>>> print(open('my_file.cif').read())   # mmCIF, C-alpha atoms
data_work
loop_
_atom_site.label_atom_id
_atom_site.label_comp_id
_atom_site.auth_asym_id
_atom_site.auth_seq_id
_atom_site.Cartn_x
_atom_site.Cartn_y
_atom_site.Cartn_z
CA MET A 253 135.99 91.89 75.58
CA LEU A 254 137.57 90.68 78.81
CA PHE A 255 137.54 87.18 80.30
CA ILE A 256 138.24 85.35 83.56
CA ILE A 257 141.98 84.88 84.05
CA LYS A 258 143.28 82.67 86.88
CA GLY A 259 139.93 82.82 88.68
CA MET A 260 139.78 86.60 88.62
CA LEU A 261 136.64 88.21 87.18
CA LEU A 262 137.44 91.02 84.76
CA LYS A 263 134.72 93.67 84.31
CA ASN A 264 132.94 95.06 81.26
CA ARG A 265 132.75 91.74 79.45
CA THR A 266 129.22 92.53 78.28
CA GLU A 267 128.56 94.80 75.30
CA ARG A 268 125.70 97.14 76.22
CA LEU A 269 123.11 97.40 73.45
CA PHE A 270 120.00 98.22 75.48
CA TYR A 271 119.94 101.92 74.60
CA ASP A 272 119.59 101.25 70.86
CA TYR A 273 117.66 97.96 70.86
CA THR A 274 113.94 98.56 71.26
CA SER A 275 112.35 95.60 69.50
CA ALA A 276 110.41 92.50 70.50
CA ASN A 277 112.25 90.47 67.84
CA PRO A 278 114.73 87.77 68.98
CA PHE A 279 118.35 88.83 69.40
CA SER A 280 121.36 86.51 69.31
CA ALA A 281 123.96 86.65 72.08
CA GLY A 282 126.37 84.34 73.86
CA ILE A 283 126.36 83.06 77.43
CA LEU A 284 129.84 83.49 78.87
CA GLU A 285 129.22 82.21 82.39
CA LEU A 286 126.57 80.72 84.69
CA ARG A 287 126.95 80.84 88.43
CA PRO A 288 124.64 80.26 91.41
CA GLY A 289 122.89 83.27 92.89
CA ASN A 290 120.84 83.80 96.02
CA ASP A 291 117.42 82.25 96.77
CA GLY A 292 117.74 79.51 94.16
CA THR A 293 118.56 81.82 91.26
CA THR A 294 121.22 81.60 88.56
CA GLN A 295 123.36 84.52 87.47
CA VAL A 296 123.89 84.73 83.70
CA ILE A 297 126.74 86.71 82.15
CA LEU A 298 126.28 87.50 78.44
CA ASP A 299 128.75 88.71 75.83
CA LYS A 300 126.19 91.37 74.84
CA THR A 301 122.84 92.36 76.26
CA ILE A 302 119.67 94.16 75.19
CA PHE A 303 118.35 94.19 78.78
CA TYR A 304 118.61 97.42 80.74
CA PRO A 305 119.91 96.92 84.32
CA GLU A 306 118.15 98.69 87.17
CA GLY A 307 119.55 102.16 87.71
CA GLY A 308 118.83 105.88 87.82
CA GLY A 309 115.39 105.29 89.34
CA GLN A 310 114.33 103.06 86.43
CA PRO A 311 113.50 99.37 87.05
CA ALA A 312 115.29 96.65 85.11
CA ASP A 313 114.00 95.13 81.88
CA ARG A 314 112.23 91.80 81.68
CA GLY A 315 112.25 89.21 78.93
CA MET A 316 113.56 85.74 78.05
CA ILE A 317 116.94 84.03 77.69
CA ASN A 318 116.47 80.85 75.65
CA GLY A 319 112.84 80.78 76.80
CA VAL A 320 113.74 81.17 80.49
CA PRO A 321 112.02 84.19 82.15
CA LEU A 322 114.33 86.96 83.25
CA LEU A 323 113.76 87.84 86.91
CA ASP A 324 116.04 90.87 87.21
CA VAL A 325 119.05 92.63 85.71
CA GLN A 326 121.57 94.32 87.98
CA GLU A 327 124.86 96.10 87.44
CA LYS A 328 127.34 95.18 90.17
CA ASN A 329 130.86 96.57 90.22
CA GLY A 330 130.69 97.31 86.51
CA GLU A 331 129.38 93.86 85.59
CA ILE A 332 125.87 93.24 84.22
CA VAL A 333 124.23 90.26 85.92
CA HIS A 334 121.06 88.64 84.56
CA LEU A 335 119.06 86.68 87.14
CA VAL A 336 116.90 83.67 86.25
CA LYS A 337 115.47 80.77 88.23
CA ASP A 338 117.91 77.93 88.82
CA THR A 339 117.56 75.82 85.71
CA ASN A 340 119.35 73.16 83.69
CA VAL A 341 118.02 74.56 80.42
CA LEU A 342 120.73 77.19 80.10
CA GLY A 343 124.34 76.44 79.30
CA GLU A 344 127.33 78.34 78.02
CA GLY A 345 127.12 79.08 74.30
CA SER A 346 124.59 80.75 72.03
CA ALA A 347 121.44 82.32 73.48
CA GLU A 348 118.27 83.87 72.09
CA LEU A 349 117.23 87.04 73.91
CA ILE A 350 113.70 88.40 73.73
CA LEU A 351 112.94 91.79 75.28
CA ASP A 352 109.63 92.51 76.99
CA TYR A 353 109.12 95.46 74.69
CA ARG A 354 105.82 96.64 76.21
CA ARG A 355 107.43 97.00 79.63
CA ARG A 356 110.46 98.77 78.17
CA ARG A 357 108.28 101.17 76.21
CA ASP A 358 106.16 101.85 79.27
CA LEU A 359 109.16 102.68 81.45
CA THR A 360 110.81 104.74 78.71
CA GLN A 361 107.68 106.86 78.28
CA LEU A 362 107.45 107.36 82.04
CA HIS A 363 111.16 108.20 82.40
CA THR A 364 111.16 110.77 79.60
CA GLY A 365 107.90 112.16 80.97
CA GLN A 366 109.50 112.45 84.40
CA HIS A 367 112.40 114.50 82.98
CA LEU A 368 109.94 116.85 81.32
CA LEU A 369 107.76 117.13 84.42
CA SER A 370 110.73 117.86 86.70
CA SER A 371 112.12 120.49 84.33
CA VAL A 372 108.77 122.28 84.02
CA ILE A 373 108.24 122.29 87.81
CA LEU A 374 111.75 123.72 88.28
CA ARG A 375 111.16 126.42 85.69
CA MET A 376 107.72 127.41 87.01
CA THR A 377 108.28 127.12 90.77
CA GLY A 378 112.05 127.08 91.30
CA ALA A 379 111.72 123.77 93.19
CA PRO A 380 114.18 121.01 92.11
CA THR A 381 113.39 117.31 92.02
CA VAL A 382 115.29 115.49 94.78
CA SER A 383 114.40 111.89 93.89
CA MET A 384 112.20 109.85 91.57
CA HIS A 385 110.60 106.41 91.51
CA LEU A 386 109.12 104.50 88.59
CA GLY A 387 107.04 101.64 89.98
CA ASP A 388 104.79 99.00 88.47
CA GLU A 389 101.76 100.90 89.78
CA THR A 390 102.84 104.34 90.98
CA CYS A 391 105.39 106.84 89.69
CA THR A 392 106.55 109.71 91.87
CA ILE A 393 109.00 112.56 92.16
CA ASP A 394 109.89 114.28 95.43
CA VAL A 395 110.10 118.04 94.86
CA ASN A 396 111.94 120.31 97.29
CA THR A 397 109.02 122.56 98.17
CA PRO A 398 106.65 122.27 101.16
CA GLU A 399 103.53 122.48 99.02
CA MET A 400 102.14 122.89 95.51
CA SER A 401 98.71 124.40 94.97
CA GLY A 402 96.07 122.91 92.74
CA GLU A 403 96.39 125.89 90.41
CA THR A 404 100.14 125.30 90.10
CA ILE A 405 99.61 121.62 89.27
CA LEU A 406 97.15 122.49 86.50
CA ALA A 407 99.55 125.08 85.08
CA VAL A 408 102.39 122.50 85.16
CA GLU A 409 100.22 119.94 83.36
CA ASP A 410 99.34 122.46 80.65
CA ALA A 411 102.98 123.43 80.16
CA VAL A 412 104.06 119.77 79.94
CA ALA A 413 101.30 119.08 77.41
CA GLY A 414 102.54 122.03 75.36
CA VAL A 415 106.08 120.64 75.14
CA ILE A 416 104.73 117.19 74.22
CA GLU A 417 102.67 118.69 71.40
CA GLU A 418 105.70 120.62 70.10
CA ASN A 419 107.40 117.27 69.43
CA ARG A 420 110.79 118.44 70.68
CA PRO A 421 113.81 116.18 70.06
CA VAL A 422 115.32 114.21 72.93
CA ILE A 423 119.10 114.25 72.41
CA ILE A 424 121.77 112.12 74.10
CA HIS A 425 125.23 113.59 74.75
CA PHE A 426 128.35 111.83 75.99
CA CYS A 427 131.14 113.85 77.53
CA PRO A 428 134.05 113.52 79.95
CA PRO A 429 133.59 115.12 83.38
CA GLU A 430 135.80 118.10 82.54
CA ASP A 431 133.39 119.13 79.77
CA ILE A 432 130.19 118.72 81.77
CA SER A 433 130.14 122.41 82.73
CA SER A 434 129.21 123.27 79.14
CA PHE A 435 125.70 121.91 79.80
CA PRO A 436 123.15 123.84 81.92
CA LEU A 437 122.34 120.79 84.05
CA ARG A 438 119.45 121.07 86.49
CA LYS A 439 121.25 118.84 89.02
CA VAL A 440 124.85 117.93 89.79
CA PRO A 441 125.89 114.62 88.15
CA PRO A 442 127.38 111.74 90.17
CA GLY A 443 131.13 111.69 90.60
CA GLY A 444 133.62 109.00 89.63
CA GLU A 445 132.32 108.48 86.09
CA GLU A 446 134.65 108.28 83.11
CA ILE A 447 131.92 109.30 80.68
CA ILE A 448 128.75 111.16 81.66
CA ARG A 449 125.57 110.60 79.66
CA VAL A 450 123.49 113.78 79.38
CA VAL A 451 119.86 113.65 78.26
CA GLU A 452 118.58 116.85 76.65
CA ILE A 453 114.99 117.80 75.88
CA GLU A 454 115.61 120.50 73.33
CA GLY A 455 115.09 123.96 74.76
CA CYS A 456 113.73 122.57 78.01
CA ASP A 457 116.00 120.29 80.04
CA PHE A 458 119.54 118.98 80.51
CA VAL A 459 120.27 116.27 83.08
CA ALA A 460 122.82 113.47 83.55
CA CYS A 461 120.95 110.17 83.31
CA CYS A 462 121.68 106.52 82.49
CA GLY A 463 118.06 105.55 81.79
CA THR A 464 116.30 104.78 78.52
CA HIS A 465 114.52 107.62 76.71
CA LEU A 466 112.33 108.38 73.73
CA LYS A 467 113.46 110.14 70.54
CA THR A 468 110.93 113.00 70.83
CA THR A 469 108.55 114.41 73.43
CA ALA A 470 105.53 113.57 71.25
CA GLU A 471 106.17 109.88 71.96
CA ILE A 472 105.23 110.53 75.60
CA GLY A 473 101.66 110.91 74.40
CA LEU A 474 100.19 112.57 77.47
CA LEU A 475 101.13 113.14 81.11
CA ARG A 476 98.86 113.65 84.10
CA VAL A 477 99.66 114.64 87.67
CA LEU A 478 97.56 112.42 89.93
CA SER A 479 98.36 114.02 93.28
CA ALA A 480 100.74 116.34 95.12
CA GLU A 481 101.03 115.56 98.83
CA LYS A 482 103.28 116.75 101.63
CA TYR A 483 106.10 114.30 102.31
CA LYS A 484 109.02 114.80 104.73
CA GLY A 485 109.00 118.57 104.34
CA MET A 486 108.76 118.27 100.54
CA THR A 487 106.00 117.53 98.03
CA ARG A 488 105.57 114.05 96.57
CA VAL A 489 104.08 114.33 93.10
CA SER A 490 102.45 111.21 91.64
CA PHE A 491 102.05 111.03 87.88
CA LEU A 492 101.31 108.77 84.92
CA ALA A 493 102.22 109.06 81.26
CA GLY A 494 102.04 107.27 77.94
CA HIS A 495 100.25 103.95 77.49
CA ARG A 496 99.94 103.42 81.24
CA LEU A 497 97.91 106.62 81.45
CA LEU A 498 95.62 105.24 78.73
CA LEU A 499 95.05 102.06 80.75
CA ASP A 500 94.39 104.09 83.89
CA SER A 501 91.93 106.34 82.05
CA ARG A 502 90.15 103.31 80.61
CA SER A 503 89.79 101.76 84.08
CA LEU A 504 88.48 105.00 85.56
CA ARG A 505 85.96 105.32 82.72
CA GLN A 506 84.70 101.78 83.24
CA ASN A 507 84.24 102.43 86.96
CA ALA A 508 82.60 105.79 86.28
CA VAL A 509 80.07 104.06 83.99
CA ILE A 510 79.21 101.61 86.77
CA VAL A 511 78.72 104.44 89.28
CA SER A 512 76.74 106.48 86.74
CA ARG A 513 74.30 103.64 86.12
CA ALA A 514 73.99 102.75 89.81
CA LEU A 515 73.17 106.34 90.79
CA SER A 516 71.20 107.16 87.61
CA VAL A 517 73.25 110.29 86.96
CA PRO A 518 75.23 111.45 83.89
CA ILE A 519 78.80 110.15 83.86
CA ASN A 520 80.22 113.68 84.20
CA GLU A 521 78.17 114.21 87.38
CA THR A 522 79.18 111.07 89.28
CA GLY A 523 81.11 113.08 91.86
CA LYS A 524 78.06 115.17 92.69
CA GLY A 525 75.91 112.03 92.65
CA ILE A 526 78.17 110.22 95.13
CA LEU A 527 78.18 113.19 97.53
CA GLU A 528 74.38 113.32 97.45
CA PHE A 529 74.20 109.55 97.95
CA LEU A 530 76.55 109.74 100.96
CA GLU A 531 74.49 112.54 102.47
CA LYS A 532 71.32 110.47 102.17
CA SER A 533 73.12 107.42 103.54
CA THR A 534 74.27 109.40 106.59
CA GLN A 535 70.71 110.48 107.29
CA ILE A 536 69.44 106.91 106.90
CA GLU A 537 72.17 105.62 109.23
CA LYS A 538 71.16 108.13 111.89
CA ARG A 539 67.54 106.98 111.66
CA LEU A 540 68.55 103.32 111.72
CA LYS A 541 70.66 103.96 114.81
CA THR A 542 67.67 105.53 116.55
CA PHE A 543 65.42 102.60 115.58
CA SER A 544 68.08 100.10 116.61
CA GLU A 545 68.54 101.67 120.03
CA LYS A 546 64.78 101.63 120.50
CA ALA A 547 64.59 97.97 119.44
CA VAL A 548 67.41 97.00 121.82
CA LYS A 549 65.63 98.75 124.67
CA GLU A 550 62.34 96.97 123.96
CA LYS A 551 63.98 93.54 123.64
CA THR A 552 65.95 94.14 126.84
CA GLU A 553 62.73 94.95 128.68
CA VAL A 554 61.24 91.65 127.45
CA LEU A 555 64.22 89.75 128.90
CA LEU A 556 64.02 91.60 132.20
CA LYS A 557 60.29 90.85 132.46
CA LYS A 558 60.94 87.14 131.90
CA ALA A 559 63.68 87.19 134.52
CA GLY A 560 61.38 88.89 137.02
CA GLU A 561 58.69 86.26 136.55
CA LYS A 562 61.01 83.38 137.49
CA ASP A 563 61.13 82.03 141.02
CA SER A 564 63.95 79.55 141.52
CA SER A 565 66.56 78.54 144.06
CA GLU A 566 69.08 78.37 141.21
CA PRO A 567 70.38 81.51 139.48
CA VAL A 568 67.71 83.06 137.30
CA THR A 569 68.54 82.11 133.72
CA ILE A 570 67.08 83.35 130.46
CA ILE A 571 67.89 81.56 127.19
CA GLU A 572 66.74 83.36 124.08
CA SER A 573 67.36 82.75 120.36
CA TYR A 574 66.86 85.58 117.85
CA ALA A 575 66.01 84.74 114.23
CA GLU A 576 66.71 88.06 112.48
CA GLU A 577 69.08 89.94 114.77
CA ASP A 578 72.81 89.69 114.03
CA ILE A 579 75.34 89.05 116.79
CA ASN A 580 76.12 92.76 117.24
CA GLU A 581 72.53 93.57 118.13
CA VAL A 582 72.40 90.51 120.41
CA LEU A 583 75.54 91.73 122.20
CA ASN A 584 73.93 95.14 122.82
CA ILE A 585 70.82 93.47 124.25
CA GLY A 586 72.92 91.30 126.57
CA LYS A 587 75.04 94.19 127.83
CA ALA A 588 71.94 96.23 128.65
CA ALA A 589 70.24 93.32 130.44
CA GLN A 590 73.34 92.42 132.46
CA LYS A 591 73.51 95.93 133.91
CA GLN A 592 69.90 95.89 135.10
CA CYS A 593 69.29 92.42 136.50
CA PRO A 594 71.22 89.88 138.65
CA ALA A 595 70.64 86.96 136.28
CA VAL A 596 72.28 84.78 133.61
CA PHE A 597 71.41 85.57 129.98
CA ILE A 598 72.27 83.15 127.15
CA LEU A 599 71.43 84.94 123.88
CA ALA A 600 71.92 83.50 120.39
CA SER A 601 71.83 84.89 116.86
CA GLU A 602 70.47 82.35 114.37
CA GLN A 603 71.64 84.60 111.52
CA SER A 604 75.26 84.67 112.73
CA LEU A 605 75.29 81.16 114.32
CA LYS A 606 76.83 82.76 117.40
CA PHE A 607 75.83 83.22 121.02
CA ALA A 608 76.80 85.44 123.93
CA ALA A 609 76.36 84.72 127.62
CA TYR A 610 76.22 87.34 130.37
CA SER A 611 76.12 86.91 134.13
CA SER A 612 75.72 89.39 136.94
CA VAL A 613 75.22 86.62 139.55
CA LYS A 614 77.80 86.60 142.31
CA ASP A 615 80.11 83.55 142.42
CA PHE A 616 78.72 82.16 139.16
CA ASP A 617 81.27 81.16 136.52
CA LEU A 618 79.93 80.92 132.97
CA ARG A 619 83.00 78.97 131.84
CA VAL A 620 82.21 76.04 134.12
CA PHE A 621 78.64 75.90 132.90
CA LEU A 622 79.18 76.44 129.15
CA LYS A 623 82.56 75.15 128.02
CA GLY A 624 81.94 71.42 128.27
CA GLU A 625 78.59 71.50 126.48
CA LEU A 626 80.00 73.85 123.82
CA GLU A 627 82.73 71.34 122.97
CA LYS A 628 80.25 68.43 122.87
CA GLN A 629 78.22 70.20 120.19
CA GLY A 630 81.31 71.07 118.12
CA GLY A 631 81.24 74.76 118.92
CA ARG A 632 84.15 77.12 119.48
CA GLY A 633 84.47 79.97 121.93
CA GLY A 634 85.75 81.31 125.20
CA GLY A 635 85.54 84.08 127.73
CA GLY A 636 85.47 84.78 131.45
CA SER A 637 83.19 84.19 134.41
CA ALA A 638 80.83 87.10 133.57
CA PHE A 639 80.97 87.03 129.76
CA PHE A 640 81.34 84.10 127.39
CA GLN A 641 80.76 83.83 123.64
CA GLY A 642 80.96 81.15 120.97
CA SER A 643 80.03 80.06 117.45
CA PHE A 644 78.79 76.97 115.62
CA GLY A 645 79.10 75.48 112.16
CA SER A 646 75.37 74.81 111.81
CA LYS A 647 72.03 75.96 113.15
CA GLU A 648 71.26 72.41 114.31
CA ALA A 649 74.37 72.30 116.49
CA MET A 650 73.56 75.67 118.06
CA ASN A 651 69.95 74.68 118.77
CA ALA A 652 71.10 71.43 120.35
CA PHE A 653 73.49 73.41 122.56
CA LEU A 654 70.75 75.79 123.70
CA SER A 655 68.32 72.91 124.34
CA ARG A 656 70.84 71.05 126.48
CA LEU A 657 71.47 74.18 128.52
CA ALA A 658 67.76 74.73 129.06
CA ALA A 659 67.28 71.14 130.20
CA GLY A 660 70.42 70.78 132.28
CA GLY A 661 70.07 73.45 134.97
CA PHE A 662 72.77 75.70 136.35
CA SER A 663 73.89 73.94 139.48
CA GLY A 664 77.19 73.01 137.83
CA GLY A 665 78.00 76.64 137.28
CA HIS A 666 77.14 77.84 140.78
CA LEU A 667 80.36 77.92 142.78
CA SER A 668 80.25 77.41 146.49
CA ASP A 669 82.85 78.65 148.89
#
>>> encode(input="my_file.cif", output="structure tokens")
Amino acid sequence: MLFIIKGMLLKNRTERLFYDYTSANPFSAGILELRPGNDGTTQVILDKTIFYPEGGGQPADRGMINGVPLLDVQEKNGEIVHLVKDTNVLGEGSAELILDYRRRRDLTQLHTGQHLLSSVILRMTGAPTVSMHLGDETCTIDVNTPEMSGETILAVEDAVAGVIEENRPVIIHFCPPEDISSFPLRKVPPGGEEIIRVVEIEGCDFVACCGTHLKTTAEIGLLRVLSAEKYKGMTRVSFLAGHRLLLDSRSLRQNAVIVSRALSVPINETGKGILEFLEKSTQIEKRLKTFSEKAVKEKTEVLLKKAGEKDSSEPVTIIESYAEEDINEVLNIGKAAQKQCPAVFILASEQSLKFAAYSSVKDFDLRVFLKGELEKQGGRGGGGSAFFQGSFGSKEAMNAFLSRLAAGGFSGGHLSD
């Protein structure tokens, strides 16, 4: 073990036990140093650690140090740094470490499953895995091939399932770089390492990797390919494995039951049921659109008739409030009326508590006429001289606004040269 001498930080002070420690039981360690980190965090240096630091595409472990939640674990320049929130609870001396075992197990199943998946794809298609990502929600590998057919994906899944069922051992090898050529690695290992850690799936895969892995393939449980999509000239394969796949399957089943009951179809026919439902919905929407266009036309004609019956020296104004129509239908009515008649239309939707004003009268500015009264009644809105819209917090406020407009006349909005 190395220490700090004359202010200089010596590396590799932390004994690395995370590969062999896979328990939720407390583990005793010692805190060697605490120092401030970024964004209000504290960096903790331990004499030994059971927490895996982020690396090799695998996220870092989580857990507790003396009851303080672990935010992250990083390896920087050969030193393992544990990040926690800035706290006065921790101090140099003894520490109790508790590993978030469920998370570790989840990531270990996914990582071992990823090795198996990549090796099977390479063997069956000749396409190597370029990169991998194990996320909290999605797990992906980028495969150096422009596409993978659905038939290929199914064949890969079956082959992976076969290796899982065979319960093949997962073996860890350590060797110096000069001996690495004795292993049939599927990708070139990184340079500059004193010792290279090789993960073998017996009879299936050899690859240099620093991540955590299972003892046998059977511990993966099951692996499913969720999708294979084109990505930057390659194919991005999304997958799930182990306990996370169980949770995903459970969620899908629960949703399938809801859909099955809603559509009154067997659960294994929900896809067909949804397609039929969407087809019916499309037909209904087309009919509704036809009826809506007809209704807008009829309501526009009513407004135009009212406008034609008025005889006034002021601009012809029509104020109308609709009880059932939403603001979108009111907007369509106003647009149609504005195009056909030189008048001012103030149209409100009681359902939406909104109004829209249209003017096709020359030199008439809706803003001058509407803005002041809108503010008096606690409404909000804005617009231009020919179109103005607003909303209210209550039906009473909107009705008061419309009543004041009807009683006040439009002389204030008629601009003279």
>>> atom_distance(input="my_file.cif", atom1="atom CA of A:Asp394", atom2="atom CA of A:Val408")
15.1 Å
>>> closest_residue(input="my_file.cif", among="A:Leu605, A:Ala460, A:Val320, A:Cys593", to="A:Glu445", atoms="only C-alpha atoms")
A:Ala460
>>> atom_distance(input="my_file.cif", atom1="atom CA of A:Arg449", atom2="atom CA of A:Asn396")
24.3 Å
>>> closest_residue(input="my_file.cif", among="A:Asn419, A:Asn277, A:Thr360, A:Gln506", to="A:Glu348", atoms="only C-alpha atoms")
A:Asn277
>>> atom_distance(input="my_file.cif", atom1="atom CA of A:Val451", atom2="atom CA of A:Pro278")
28.0 Å
>>> decode(input="my_file.cif", residues="stretch 615-641 of chain A", atoms="C-alpha atoms", output="short mmCIF file (atom, residue, chain, number, x, y, z; two decimals), in the first residue's frame")
data_model
loop_
_atom_site.label_atom_id
_atom_site.label_comp_id
_atom_site.auth_asym_id
_atom_site.auth_seq_id
_atom_site.Cartn_x
_atom_site.Cartn_y
_atom_site.Cartn_z
CA ASP A 615 -58.21 50.92 -40.98
CA PHE A 616 -59.71 49.06 -38.01
CA ASP A 617 -57.28 47.91 -35.33
CA LEU A 618 -58.54 45.12 -33.06
CA ARG A 619 -55.78 45.79 -30.53
CA VAL A 620 -57.07 49.28 -29.76
CA PHE A 621 -60.59 47.99 -29.26
CA LEU A 622 -59.87 44.80 -27.29
CA LYS A 623 -56.70 45.10 -25.24
CA GLY A 624 -57.89 47.50 -22.56
CA GLU A 625 -61.14 45.67 -21.86
CA LEU A 626 -59.32 42.31 -21.88
CA GLU A 627 -56.98 43.50 -19.11
CA LYS A 628 -59.88 44.92 -17.06
CA GLN A 629 -61.54 41.51 -16.97
CA GLY A 630 -58.30 39.71 -16.03
CA GLY A 631 -57.83 38.07 -19.40
CA ARG A 632 -54.61 37.39 -21.28
CA GLY A 633 -53.92 37.60 -24.98
CA GLY A 634 -52.54 39.48 -27.92
CA GLY A 635 -52.38 39.74 -31.67
CA GLY A 636 -52.45 42.21 -34.54
CA SER A 637 -54.86 44.62 -36.16
CA ALA A 638 -56.73 41.91 -38.14
CA PHE A 639 -56.50 38.99 -35.69
CA PHE A 640 -56.52 38.97 -31.90
CA GLN A 641 -57.04 36.15 -29.42
#
